[in-house]
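For reference, coords-v5.cif is printed below; it contains mmCIF, C-alpha atoms and all ligand atoms.
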```
data_start
#
loop_
_atom_site.label_atom_id
_atom_site.label_comp_id
_atom_site.auth_asym_id
_atom_site.auth_seq_id
_atom_site.Cartn_x
_atom_site.Cartn_y
_atom_site.Cartn_z
CA MET A 1 112.63 11.30 94.63
CA SER A 2 109.24 12.71 93.68
CA THR A 3 108.29 16.13 95.02
CA VAL A 4 109.53 17.89 98.12
CA SER A 5 106.97 18.63 100.78
CA PRO A 6 107.02 22.35 101.68
CA ASP A 7 107.99 21.64 105.30
CA ALA A 8 110.40 18.74 104.66
CA TYR A 9 113.38 20.89 105.57
CA ALA A 10 111.64 23.38 107.89
CA ASP A 11 113.95 22.51 110.81
CA LEU A 12 116.98 23.54 108.72
CA SER A 13 115.91 26.43 106.53
CA PRO A 14 112.89 28.33 105.28
CA MET A 15 111.96 27.14 101.79
CA ARG A 16 110.23 29.10 99.03
CA LEU A 17 108.82 27.68 95.81
CA GLN A 18 109.34 28.90 92.22
CA VAL A 19 111.55 31.87 93.06
CA PRO A 20 112.58 33.88 89.95
CA LEU A 21 116.38 33.80 89.74
CA ALA A 22 116.36 37.07 87.77
CA GLU A 23 115.73 38.72 91.14
CA TRP A 24 118.82 37.07 92.63
CA THR A 25 121.44 37.62 89.92
CA THR A 26 123.14 40.89 88.98
CA LEU A 27 122.49 40.24 85.27
CA ARG A 28 118.76 40.14 86.14
CA ILE A 29 118.28 36.99 84.08
CA GLY A 30 116.94 33.57 85.03
CA GLY A 31 113.73 31.58 85.38
CA PRO A 32 112.40 30.13 88.64
CA ALA A 33 114.21 27.94 91.11
CA GLU A 34 111.87 25.12 92.01
CA TYR A 35 112.98 25.21 95.67
CA PHE A 36 114.83 28.19 97.13
CA PHE A 37 116.56 28.02 100.52
CA GLN A 38 118.33 30.59 102.69
CA PRO A 39 119.73 28.72 105.70
CA PRO A 40 120.39 30.87 108.76
CA LYS A 41 123.52 29.19 110.19
CA PRO A 42 126.48 27.22 108.77
CA GLU A 43 125.47 24.07 110.73
CA GLN A 44 121.99 24.15 109.22
CA PHE A 45 123.47 24.91 105.81
CA ALA A 46 125.65 21.78 106.11
CA ASP A 47 122.77 19.60 107.32
CA LEU A 48 120.54 20.91 104.52
CA LEU A 49 123.17 19.99 101.90
CA THR A 50 123.49 16.50 103.37
CA ARG A 51 119.73 15.99 103.54
CA LEU A 52 119.17 17.22 99.97
CA GLU A 53 121.90 14.88 98.79
CA MET A 54 120.33 11.94 100.66
CA ASP A 55 116.92 12.81 99.19
CA GLU A 56 118.52 13.00 95.71
CA VAL A 57 117.40 16.59 95.22
CA PRO A 58 119.91 18.30 92.92
CA PHE A 59 121.10 21.64 94.26
CA ARG A 60 123.05 24.69 93.18
CA LEU A 61 124.68 27.36 95.30
CA LEU A 62 124.18 31.06 94.91
CA GLY A 63 125.81 34.01 96.62
CA ALA A 64 125.02 37.45 95.24
CA GLY A 65 124.65 35.95 91.75
CA ALA A 66 127.29 38.40 90.49
CA ASN A 67 129.07 35.84 88.34
CA VAL A 68 126.29 33.42 87.39
CA LEU A 69 124.15 33.13 84.28
CA ALA A 70 120.92 31.52 85.49
CA PRO A 71 118.95 29.59 82.82
CA ASP A 72 115.81 30.98 81.20
CA GLY A 73 114.05 27.70 82.09
CA GLY A 74 115.06 28.04 85.75
CA VAL A 75 116.46 25.32 87.98
CA LEU A 76 114.78 21.98 88.61
CA GLY A 77 115.72 21.23 92.19
CA ALA A 78 117.08 23.49 94.87
CA VAL A 79 119.00 26.74 94.88
CA ILE A 80 120.64 27.53 98.21
CA GLN A 81 121.40 31.22 98.59
CA SER A 82 123.84 32.37 101.26
CA GLY A 83 122.07 35.66 102.14
CA GLY A 84 121.12 34.44 105.64
CA LEU A 85 124.73 33.66 106.59
CA ARG A 86 126.14 37.14 107.17
CA ARG A 87 128.10 36.91 110.44
CA MET A 88 131.71 37.94 110.86
CA PHE A 89 133.99 37.57 113.89
CA ARG A 90 137.34 39.23 114.58
CA GLU A 91 140.20 37.05 115.90
CA GLU A 92 143.20 39.38 116.40
CA ASN A 93 144.40 40.18 112.85
CA CYS A 94 142.06 37.58 111.34
CA LEU A 95 138.40 37.67 110.34
CA ARG A 96 136.24 34.57 110.52
CA LEU A 97 133.37 34.82 108.03
CA TRP A 98 130.23 32.90 107.31
CA PRO A 99 129.78 32.37 103.57
CA GLY A 100 127.09 35.02 103.05
CA VAL A 101 129.20 37.95 104.29
CA THR A 102 129.07 40.40 101.39
CA LEU A 103 132.28 41.74 99.87
CA PRO A 104 131.20 45.37 100.54
CA GLN A 105 130.50 44.36 104.19
CA LEU A 106 133.96 42.75 104.41
CA VAL A 107 135.77 45.72 102.84
CA ARG A 108 133.91 48.18 105.09
CA SER A 109 134.64 46.20 108.26
CA ALA A 110 138.30 45.76 107.35
CA THR A 111 138.61 49.55 106.96
CA GLU A 112 136.87 50.23 110.27
CA LEU A 113 139.12 47.70 112.04
CA GLY A 114 142.31 48.88 110.34
CA LEU A 115 142.93 45.53 108.65
CA SER A 116 144.60 45.46 105.26
CA GLY A 117 144.45 42.74 102.59
CA VAL A 118 141.07 43.00 100.91
CA GLU A 119 141.32 46.52 99.47
CA LYS A 120 141.17 45.20 95.90
CA LEU A 121 137.66 43.87 96.55
CA ILE A 122 136.24 47.37 96.83
CA GLY A 123 133.40 47.79 94.35
CA VAL A 124 133.20 44.04 93.71
CA PRO A 125 129.71 42.62 94.40
CA GLY A 126 129.44 39.13 95.87
CA HIS A 127 129.42 36.98 98.97
CA ILE A 128 132.62 35.53 100.39
CA GLY A 129 131.52 31.94 99.54
CA GLY A 130 131.06 32.89 95.86
CA ALA A 131 134.28 34.92 95.95
CA LEU A 132 136.21 31.87 97.16
CA ALA A 133 134.63 29.68 94.49
CA MET A 134 135.77 32.22 91.85
CA ASN A 135 139.01 33.33 93.58
CA ALA A 136 137.73 36.86 93.04
CA GLY A 137 140.20 39.71 92.85
CA SER A 138 142.31 41.58 90.33
CA SER A 139 144.62 40.41 87.54
CA ASP A 140 147.50 39.83 89.97
CA TRP A 141 145.69 39.01 93.23
CA GLY A 142 142.90 36.72 94.40
CA ILE A 143 141.05 36.42 97.74
CA TRP A 144 142.67 33.04 98.40
CA GLN A 145 145.93 34.89 99.09
CA GLN A 146 144.38 36.02 102.38
CA VAL A 147 142.89 32.65 103.40
CA LYS A 148 144.33 30.91 106.44
CA GLU A 149 141.78 28.12 106.60
CA VAL A 150 138.44 27.27 105.05
CA THR A 151 135.75 24.92 106.38
CA LEU A 152 134.10 22.91 103.64
CA TRP A 153 131.16 20.56 103.29
CA LEU A 154 131.97 17.63 101.04
CA PRO A 155 129.54 15.32 99.21
CA GLY A 156 128.66 12.55 101.65
CA GLY A 157 128.30 15.09 104.44
CA GLU A 158 131.89 15.24 105.72
CA LEU A 159 133.09 18.61 107.06
CA VAL A 160 136.79 19.37 106.59
CA ALA A 161 139.17 22.25 107.32
CA LYS A 162 141.62 22.99 104.50
CA THR A 163 144.46 25.41 103.87
CA PRO A 164 145.03 27.17 100.51
CA GLN A 165 148.06 24.90 100.01
CA GLN A 166 145.74 21.90 100.11
CA ILE A 167 143.18 23.50 97.77
CA GLN A 168 145.58 24.98 95.19
CA PRO A 169 143.29 27.71 93.82
CA GLY A 170 144.16 29.30 90.47
CA TYR A 171 143.37 32.48 88.57
CA ARG A 172 139.60 33.14 88.87
CA ASN A 173 139.18 29.53 89.97
CA GLY A 174 138.83 28.52 93.60
CA ASN A 175 139.32 24.87 92.61
CA LEU A 176 136.57 23.80 94.99
CA GLY A 177 135.00 21.11 92.82
CA GLU A 178 131.85 19.98 94.64
CA ALA A 179 132.99 21.32 98.02
CA VAL A 180 130.84 24.02 99.64
CA VAL A 181 132.24 26.87 101.72
CA LEU A 182 130.72 26.94 105.22
CA GLU A 183 133.18 29.31 106.87
CA VAL A 184 136.54 30.94 106.18
CA LEU A 185 139.32 32.48 108.24
CA LEU A 186 141.06 35.38 106.48
CA GLU A 187 144.45 36.56 107.66
CA LEU A 188 144.92 40.33 107.29
CA GLU A 189 147.55 42.86 108.27
CA VAL A 190 147.04 45.55 110.90
CA LYS A 191 147.54 48.98 109.31
CA PRO A 192 146.41 52.55 110.02
CA LYS A 193 142.78 52.95 108.92
CA ALA A 194 143.66 55.99 106.81
CA ASP A 195 146.17 53.94 104.77
CA VAL A 196 143.63 51.14 104.18
CA LYS A 197 141.02 53.67 103.10
CA LYS A 198 143.41 55.55 100.81
CA GLU A 199 144.34 52.36 98.97
CA GLN A 200 140.68 51.32 98.60
CA GLU A 201 139.72 54.70 97.21
CA ALA A 202 142.44 54.51 94.56
CA TYR A 203 141.07 51.12 93.37
CA LEU A 204 137.49 52.37 93.44
CA ARG A 205 138.27 55.46 91.35
CA LYS A 206 139.90 53.22 88.72
CA LYS A 207 136.91 50.84 88.64
CA ASN A 208 134.31 53.60 88.45
CA VAL A 209 135.82 55.08 85.30
CA SER A 210 136.65 51.80 83.55
CA GLN A 211 133.67 49.51 84.31
CA PRO A 212 129.87 49.86 83.84
CA VAL A 213 129.37 49.52 87.59
CA THR A 214 125.81 50.85 87.73
CA LEU A 215 124.40 48.61 84.98
CA SER A 216 123.15 44.99 85.03
CA THR A 217 126.22 42.87 84.32
CA ALA A 218 127.98 39.87 85.83
CA GLY A 219 131.49 41.29 85.80
CA CYS A 220 133.94 39.84 83.29
CA ALA A 221 132.44 37.33 80.90
CA PHE A 222 135.83 35.84 79.94
CA ARG A 223 139.04 35.10 81.80
CA ASN A 224 142.05 37.13 80.72
CA PRO A 225 144.37 34.94 78.65
CA GLN A 226 147.89 34.64 80.07
CA GLY A 227 149.67 37.99 79.73
CA GLY A 228 146.70 39.51 77.86
CA SER A 229 143.37 41.20 78.34
CA ALA A 230 140.10 39.63 77.17
CA GLY A 231 138.54 43.12 77.03
CA GLN A 232 141.26 44.46 74.75
CA LEU A 233 140.98 41.41 72.48
CA ILE A 234 137.21 41.84 72.16
CA GLU A 235 137.71 45.53 71.43
CA SER A 236 140.43 44.74 68.86
CA VAL A 237 137.99 42.64 66.80
CA GLY A 238 135.48 45.49 66.72
CA LEU A 239 132.88 44.10 69.11
CA LYS A 240 132.89 46.88 71.73
CA GLY A 241 129.32 48.21 71.82
CA TRP A 242 127.99 45.30 69.68
CA GLN A 243 124.43 44.24 70.55
CA CYS A 244 122.90 40.75 70.54
CA GLY A 245 119.22 40.67 71.55
CA GLY A 246 119.01 42.40 74.92
CA ILE A 247 122.74 42.03 75.55
CA GLN A 248 125.32 44.66 74.70
CA VAL A 249 129.12 44.42 74.88
CA SER A 250 129.79 47.37 77.16
CA PRO A 251 131.08 50.45 75.31
CA LEU A 252 133.10 51.15 78.48
CA HIS A 253 134.74 47.75 79.05
CA ALA A 254 134.41 45.13 76.32
CA ASN A 255 134.63 42.17 78.72
CA PHE A 256 131.41 43.23 80.46
CA LEU A 257 128.09 42.14 78.94
CA VAL A 258 125.24 44.47 79.83
CA ASN A 259 121.58 43.50 80.07
CA THR A 260 120.03 46.53 78.37
CA GLY A 261 116.55 45.31 79.35
CA GLY A 262 114.73 42.08 78.70
CA ALA A 263 117.84 40.05 77.84
CA THR A 264 117.60 36.28 78.11
CA ALA A 265 120.17 33.63 79.01
CA ALA A 266 119.94 32.54 75.37
CA ASP A 267 121.04 36.06 74.29
CA VAL A 268 124.06 35.82 76.61
CA ARG A 269 125.06 32.36 75.34
CA LEU A 270 124.71 33.52 71.71
CA ALA A 271 126.69 36.70 72.35
CA MET A 272 129.46 34.78 74.10
CA ALA A 273 129.70 32.16 71.35
CA HIS A 274 129.93 34.92 68.70
CA ILE A 275 132.62 36.78 70.68
CA GLN A 276 134.65 33.58 71.17
CA LYS A 277 134.46 32.67 67.49
CA THR A 278 135.34 36.19 66.29
CA VAL A 279 138.31 36.51 68.67
CA LEU A 280 139.55 33.04 67.69
CA ASP A 281 139.18 33.72 63.94
CA GLN A 282 140.64 37.22 63.96
CA ALA A 283 143.10 37.21 66.87
CA GLY A 284 143.86 33.48 67.19
CA VAL A 285 143.04 33.41 70.91
CA ALA A 286 140.57 30.93 72.46
CA LEU A 287 138.80 32.88 75.20
CA GLN A 288 137.74 30.86 78.24
CA THR A 289 134.53 31.80 80.04
CA GLU A 290 134.71 33.30 83.52
CA LEU A 291 130.93 33.62 83.88
CA VAL A 292 129.47 30.51 85.50
CA ILE A 293 126.81 29.27 83.06
CA TRP A 294 124.15 27.04 84.58
CA PRO A 295 122.63 24.73 81.95
CA GLU A 296 119.02 24.94 80.82
CA PRO A 297 116.92 22.26 82.56
CA LEU A 298 115.93 19.08 80.77
CA PRO A 299 112.18 18.48 80.62
CA LYS A 300 110.96 16.87 83.83
CA THR A 301 110.22 13.14 83.51
CA GLU A 302 108.56 10.56 85.74
CA SER A 303 111.94 9.40 87.05
CA SER A 304 113.35 12.88 87.70
CA PHE A 305 112.07 14.52 90.83
C1 LIG A 401 129.96 45.21 88.45
C2 LIG A 401 130.76 43.95 88.73
C3 LIG A 401 132.12 44.05 88.96
C4 LIG A 401 132.87 42.90 89.20
N1 LIG A 401 134.21 43.02 89.42
C5 LIG A 401 134.95 41.93 89.69
C6 LIG A 401 136.35 42.03 89.97
O1 LIG A 401 136.94 43.11 89.97
N2 LIG A 401 137.03 40.89 90.23
C7 LIG A 401 136.42 39.66 90.25
O2 LIG A 401 137.09 38.66 90.51
N3 LIG A 401 135.10 39.54 90.00
C8 LIG A 401 134.36 40.63 89.73
N4 LIG A 401 133.02 40.49 89.49
C9 LIG A 401 132.38 39.16 89.51
C10 LIG A 401 131.81 38.78 90.90
O3 LIG A 401 131.59 39.93 91.64
C11 LIG A 401 132.74 37.85 91.69
O4 LIG A 401 133.05 36.69 90.97
C12 LIG A 401 132.10 37.46 93.03
O5 LIG A 401 133.05 36.92 93.87
C13 LIG A 401 130.98 36.46 92.87
O6 LIG A 401 130.43 36.23 94.14
P1 LIG A 401 128.90 35.81 94.27
O7 LIG A 401 128.59 35.64 95.70
O8 LIG A 401 128.06 36.75 93.51
O9 LIG A 401 128.94 34.40 93.55
P2 LIG A 401 127.80 33.79 92.61
O10 LIG A 401 127.84 34.51 91.30
O11 LIG A 401 126.51 33.73 93.33
O12 LIG A 401 128.39 32.32 92.41
C14 LIG A 401 129.63 32.14 91.77
C15 LIG A 401 130.03 30.66 91.90
O13 LIG A 401 130.26 30.38 93.27
C16 LIG A 401 129.48 29.24 93.67
N5 LIG A 401 129.20 29.42 95.10
C17 LIG A 401 128.42 30.35 95.68
N6 LIG A 401 128.42 30.19 97.03
C18 LIG A 401 129.22 29.14 97.29
C19 LIG A 401 129.63 28.47 98.48
N7 LIG A 401 129.20 28.84 99.71
N8 LIG A 401 130.49 27.42 98.37
C20 LIG A 401 130.92 27.00 97.15
N9 LIG A 401 130.56 27.57 95.98
C21 LIG A 401 129.72 28.63 96.07
C22 LIG A 401 128.27 29.29 92.76
O14 LIG A 401 127.61 28.04 92.69
C23 LIG A 401 128.91 29.70 91.46
O15 LIG A 401 129.51 28.58 90.84
C24 LIG A 401 132.24 41.64 89.23
C25 LIG A 401 130.85 41.55 89.01
C26 LIG A 401 130.12 42.69 88.76
C27 LIG A 401 128.64 42.56 88.55
#
```
What would the structure in this file look like if it were written as C-alpha cells?
Amino acid sequence: MSTVSPDAYADLSPMRLQVPLAEWTTLRIGGPAEYFFQPPKPEQFADLLTRLEMDEVPFRLLGAGANVLAPDGGVLGAVIQSGGLRRMFREENCLRLWPGVTLPQLVRSATELGLSGVEKLIGVPGHIGGALAMNAGSSDWGIWQQVKEVTLWLPGGELVAKTPQQIQPGYRNGNLGEAVVLEVLLELEVKPKADVKKEQEAYLRKKNVSQPVTLSTAGCAFRNPQGGSAGQLIESVGLKGWQCGGIQVSPLHANFLVNTGGATAADVRLAMAHIQKTVLDQAGVALQTELVIWPEPLPKTESSF
C-alpha cells in the first residue's frame, strides 16, 4: 500500500490527516497520527476496520486515551477514535452501549435510571470500548463482571457475539487480543436511585483525596502485584515525588505519573524503566506495566505505506 487518498474511506468515516495525539490522550503526549478516523456508527466502524485491513493500512484504536502512551514520533497508519460512537439503549435492566459511550456518561445514566453495577467507575475517564480492553475497575472488580454479551470485530472481518465466559478477561486485562469492541450489553441491577448515588459518592470522595484527578496522567502506570500495591511499593523505594524530565511520580499516589508540562513519551519510558529497576532491586518485585505503550514508529520506507 502506498498512500491513502483523503476520500478513500469517505463513505465510512470522516478522515483527518496528521492529527496530534497529544490532544487525544489524557497524558497530553504523542506525535501525529497519519490518518485519524472517527466513525459514526458501529457498522461503519466494522467496515472501516475490514477495509483498512484489506488495504494493509496498520491501525490502532483509541477511546479517551486515558490509559495509552502515544509515541513522540506519532503513528504511521490509522488511529480510529471511538468519540463518534456515543449511543446507549436501555433494555429492561440492561444497557446496550456503542463503544464510544464515555464512562462518566454511563455512570450518570445508570444513576438516573436507578441501575446499579457501575458505581466503581465514577471518576474514571474512558470510553466503554477502552474500558473493556483494560477491564477497568477497582482492585477487586472489573467492568467485565457486568457484561452479558459483547459484539466484536475480528481480523478478517468476521463479527461475533461473545460472553465473558468465552473471553476470560483478567485483572486489568480484557483479553481481547486483536478483537475490536463494536457494542456491549451490560447487565445491571435495579436499585433506588438514592442508593446508587450514595455508593458512587463514597467512591468519588475516596478517589478525589487519593489520586491526582485534575492533573495530566494516564491512571495507574503499573498493575498491582498479587496481594500488593504498586503505589505502595514505589513509595517504599523512595520514588514518590521523583521527577524525570517532564514526568513526576505523583506526590499524592505513587502509581500515577504526572505530565508536569512538556513531558515526552521518552520521559515516560525512562521513568517507568527506572521505577521498575528500583522496585526490583530494592523490593524484589517485578512490576508489570498497566499503561498501554504504543511503540515509536520505524522510519518510513518505500515498501511501508
Ligand atoms: C485520572 C485517572 C483515573 C483513572 N482511574 C482508573 C481506575 O480507577 N480504574 C481503572 O481501571 N483505570 C483507571 N484509569 C485508566 C483509564 O481510565 C481506564 O483504563 C479506561 O478504561 C481507559 O479507557 P479509554 O477509552 O481511555 O482507553 P484508551 O486509553 O483509549 O485505550 C486503552 C486500550 O484499549 C484499546 N481500545 C480502545 N478502544 C477499543 C475498542 N473499541 N475495542 C478494542 N480495544 C480498544 C486501545 O487500543 C488500548 O489498547 C484512570 C485514568 C486516569 C487518567
- Query: Which polymer residues have any atom within 12 Å of an atom of Leu106 of chain A, counting all atoms listed in the file, with same-chain residues fewer than 4 positions away left out, as an NGL selection string?
  - Reply: :A and (86-90 or 94-102 or 110-128 or 131 or 143 or 186 or 188)
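Minimum atom-to-atom distances from A:Gly30, A:Pro42, A:Gly227, A:Gly261 to ligand LIG 401 (chain A) were compared using all atoms listed in the file, and the lowest value belongs to A:Pro42.
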Per residue of chain A within 6 Å of ligand LIG 401 (chain A), what are the shortest atom pair and its distance in Å to one decimal, counting only C-alpha atoms and all ligand atoms, with rows by chain and residue number, as CSV?
```
residue,atom,partner,partner_atom,distance
A:Thr26,CA,A:LIG401,C27,5.8
A:Arg60,CA,A:LIG401,O14,5.7
A:Leu61,CA,A:LIG401,O14,4.0
A:Leu62,CA,A:LIG401,O11,3.9
A:Gly63,CA,A:LIG401,O7,3.4
A:Ala64,CA,A:LIG401,O8,3.6
A:Gly65,CA,A:LIG401,O11,3.3
A:Ala66,CA,A:LIG401,O8,3.5
A:Asn67,CA,A:LIG401,O10,3.5
A:Val68,CA,A:LIG401,O10,4.3
A:Pro99,CA,A:LIG401,N7,5.3
A:Val124,CA,A:LIG401,N1,4.5
A:Pro125,CA,A:LIG401,O3,4.3
A:Gly126,CA,A:LIG401,O6,3.5
A:His127,CA,A:LIG401,O7,3.6
A:Gly129,CA,A:LIG401,N7,3.9
A:Gly130,CA,A:LIG401,O9,3.5
A:Ala131,CA,A:LIG401,O5,3.1
A:Ala133,CA,A:LIG401,O13,4.6
A:Met134,CA,A:LIG401,O4,5.3
A:Ala136,CA,A:LIG401,O2,3.2
A:Gly137,CA,A:LIG401,O2,4.0
A:Ser138,CA,A:LIG401,N2,5.3
A:Val180,CA,A:LIG401,N8,3.6
A:Val181,CA,A:LIG401,N8,3.8
A:Val213,CA,A:LIG401,C1,4.4
A:Thr217,CA,A:LIG401,C27,4.9
A:Ala218,CA,A:LIG401,C27,3.9
A:Gly219,CA,A:LIG401,C25,3.3
A:Val292,CA,A:LIG401,O15,5.7
```
- Query: Of the candidates A:Val279, A:Gln248, A:Leu52, A:Val285, which shows the shortest atom-to-atom distance to Ser216 of chain A, using all atoms listed in the file?
  - Reply: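 For Ser216 of chain A, the nearest of the candidates is A:Gln248.
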- Note on the structure: Restricting to all atoms listed in the file, whichever of A:Thr163, A:Gln146, A:Thr151, A:Gln288 is closest to Asn93 of chain A is A:Gln146
- Query: What's the 9 Å shell around Pro40 of chain A, counting all atoms listed in the file, without same-chain residues fewer than 6 positions away, as a PyMOL selection string?
  - Reply: chain A and resi 12-14+82-86
- Proximity to Pro58 of chain A - best of A:Leu154, A:Pro297, A:Leu291, A:Ser210, only C-alpha atoms: A:Pro297
- Quick one, how far is atom CA of Ala33 of chain A from atom CA of Ala273 of chain A? 25.5 Å
- Item | One-decimal distance in Å that lies between atom CA of Ala266 of chain A and atom CA of Lys207 of chain A |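 That distance, rounded to one decimal, is 28.3 Å.
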- Message: Excluding Leu48 of chain A and its own-chain neighbours fewer than 3 positions away, which residues fall within 10 Å of it when counting all atoms listed in the file? Please give them as a PyMOL selection string.
- Response: chain A and resi 9-13+37+39+42-45+51-54+80+157
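Separating atom CA of Asp72 of chain A from atom CA of Gly31 of chain A is a distance of 4.7 Å.
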- Message: My list of candidates is A:Glu183, A:Glu189, A:Asp267, A:Asp140. Which is closest to Leu27 of chain A when distances are computed with only C-alpha atoms?
- Response: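 The answer is A:Asp267, which sits nearest to Leu27 of chain A.
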Please report, as AutoDock Vina command-line options, the centre and edge lengths in Å to one decimal of an axis-aligned box covering all listed atoms of segment 176-185 of chain A with 3 Å per side.
```
--center_x 135.0 --center_y 26.2 --center_z 100.5 --size_x 14.6 --size_y 18.5 --size_z 21.4
```
- Item | Given all atoms listed in the file as the counted atoms, nearest of A:Gln81, A:Gln243, A:Thr289, A:Gln168 to Asn259 of chain A | A:Gln243
